[in-house]
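J.: Take this structure first; my questions come after.
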Amino acid sequence: MAQFMERLAVDRTLRLQQLLTGGVEELLTQANPQWMRWNPPVLEVRMVNGADRDIYLEGEGFLFIPSMFCTRAIVTDGQPVSVSYPACQDQRVRELTTPASVPGQARSPGVSTLLGRTRTTVLTAIAEHQGCSTKELAARAGIATASASEHATILREAGLIHSLRHRNSVLHSLTPLGLALLNTPEGG
């Protein structure tokens with residue numbers, strides 16, 4: 001179950017990055033290109049039953065729902081219309097979650113020796129809560145917001161995390177290098 005939650009968190013972070021960097025167009029273009037196509041203002045969806053659906057997004061909202069269990073897009077009518085897509089189909093999501101880290105697992109003592117106890121705690125908190133803000137990170141790590149910001153800056157400069165600014169918040173997520181470091185076996 002923890003692996004599913006981690007993959008959904010990484011998928012959410014990736015979709016947020018797409019939305020922030022390329023807007024709705026990038027998000028809809030890249031979420032499920034095999035089964036969905038964005039042809040503004042229409043989201044064209046190929047469904048499991050073979051019936052294609054065109055969703056006209058002319059100012060109307062819809063729910064965009066990642067699913068660990070569907071392999072294609074699923075559209076359900078309602079107010080608003082819901083579109084489920086397979087989470088973790090994107091190569092970047094697979095890179096960020098392989099090998100899967102288990103939240104709360106004991107980290108190799110070498111990681112703490114390398115990074116220091118507080119910075120290891122910050123990196124672990126980001127791994128367990130992908131897409132958390134600096135304020136959330138500070139609360140999860142039990143440190144001041146300014147200290148969390150400083151540690152995140154150092155981790156980002158080392159290539160262990162990505163940080164994205166969204167309005168007045170900065171959202172942090174693990175990079176494949178950061179995940180690999182946390183998943184280093186003891187003595188490895």
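Identifiers in the structure tokens: chain A, B, ... in order shown; residue index from 1 per chain; ligand index from 1 in order shown.
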Stretch 8-88 of chain A: which residues are strand (DSSP E) by DSSP, as a list in words?
T.: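 Here are the strand (DSSP E) residues of stretch 8-88 of chain A: Met36, Arg37, Trp38, Asn39, Val42, Leu43, Glu44, Val45, Arg46, Asp52, Arg53, Asp54, Ile55, Tyr56, Phe62, Leu63, Phe64, Ile65, Pro66, Ser67, Ile74, Val75, Thr76, Val81, Ser82, Val83, Ser84, Tyr85 and Pro86 of chain A.
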J.: Show me, as a PyMOL selection string, the residues that have an atom within 8 Å of A:Thr134 when counting only C-alpha atoms, minus same-chain residues fewer than 2 positions from it.
T.: chain A and resi 132+136-138+145+148-149+169-172
J.: Okay, now the selection with N, CA and C atoms, as an mmCIF file, in the first residue's frame?
T.:
data_model
loop_
_atom_site.group_PDB
_atom_site.id
_atom_site.type_symbol
_atom_site.label_atom_id
_atom_site.label_comp_id
_atom_site.auth_asym_id
_atom_site.auth_seq_id
_atom_site.Cartn_x
_atom_site.Cartn_y
_atom_site.Cartn_z
ATOM 1 N N CYS A 132 5.754 18.465 -1.038
ATOM 2 C CA CYS A 132 5.450 19.262 0.153
ATOM 3 C C CYS A 132 6.060 20.650 0.032
ATOM 4 N N GLU A 136 5.482 22.927 5.172
ATOM 5 C CA GLU A 136 5.130 21.547 5.533
ATOM 6 C C GLU A 136 6.387 20.743 5.862
ATOM 7 N N LEU A 137 7.424 20.956 5.067
ATOM 8 C CA LEU A 137 8.693 20.260 5.288
ATOM 9 C C LEU A 137 9.245 20.584 6.677
ATOM 10 N N ALA A 138 9.220 21.846 7.048
ATOM 11 C CA ALA A 138 9.711 22.256 8.363
ATOM 12 C C ALA A 138 8.934 21.552 9.474
ATOM 13 N N THR A 145 11.190 26.988 9.684
ATOM 14 C CA THR A 145 10.994 27.144 8.238
ATOM 15 C C THR A 145 12.256 27.654 7.557
ATOM 16 N N ALA A 148 14.599 24.769 7.235
ATOM 17 C CA ALA A 148 14.131 23.847 6.190
ATOM 18 C C ALA A 148 14.471 24.396 4.812
ATOM 19 N N SER A 149 14.298 25.697 4.637
ATOM 20 C CA SER A 149 14.619 26.335 3.372
ATOM 21 C C SER A 149 16.110 26.212 3.062
ATOM 22 N N SER A 169 4.665 29.730 -2.547
ATOM 23 C CA SER A 169 5.183 28.503 -1.941
ATOM 24 C C SER A 169 6.244 27.894 -2.834
ATOM 25 N N VAL A 170 7.117 27.111 -2.227
ATOM 26 C CA VAL A 170 8.086 26.314 -2.972
ATOM 27 C C VAL A 170 7.770 24.864 -2.645
ATOM 28 N N LEU A 171 7.581 24.034 -3.691
ATOM 29 C CA LEU A 171 7.228 22.631 -3.525
ATOM 30 C C LEU A 171 8.447 21.768 -3.843
ATOM 31 N N HIS A 172 8.712 20.792 -2.987
ATOM 32 C CA HIS A 172 9.915 19.979 -3.094
ATOM 33 C C HIS A 172 9.572 18.528 -3.421
#
J.: Out of A:Arg167, A:Arg140, A:Arg53, A:Arg37, which residue has the shortest atom-to-atom distance to A:Ala127 when counting only C-alpha atoms?
T.: A:Arg140
J.: If DSSP is run on the backbone, what residues of chain A are alpha helix (DSSP H)? A reply as a PyMOL selection string would be ideal.
T.: chain A and resi 2-30+91-96+109-115+117-128+134-141+145-157+176-182
J.: Write out as a PyMOL selection string each polymer residue whose atoms come within 12 Å of A:Thr120, counting only C-alpha atoms; drop sequence neighbours fewer than 2 positions from it.
T.: chain A and resi 106-118+122-127+141+148+151-152+154-155+160+178-179+181-182
J.: Just the residues within 10 Å of A:Leu20, please, counting only C-alpha atoms, with nothing from its chain fewer than 4 positions along; format it as a VMD selection string.
T.: chain A and resid 14 to 16 24 26 to 27 164 to 167
J.: Would you work out the distance separating atom CA of A:Val75 from atom CA of A:Gly131, expressed in Å to one decimal?
T.: 26.6 Å
J.: Which residue gives the smallest distance to A:Gly142 among A:Ser82, A:Asn168, A:Ile161, A:Arg119, with only C-alpha atoms counted?
T.: A:Arg119
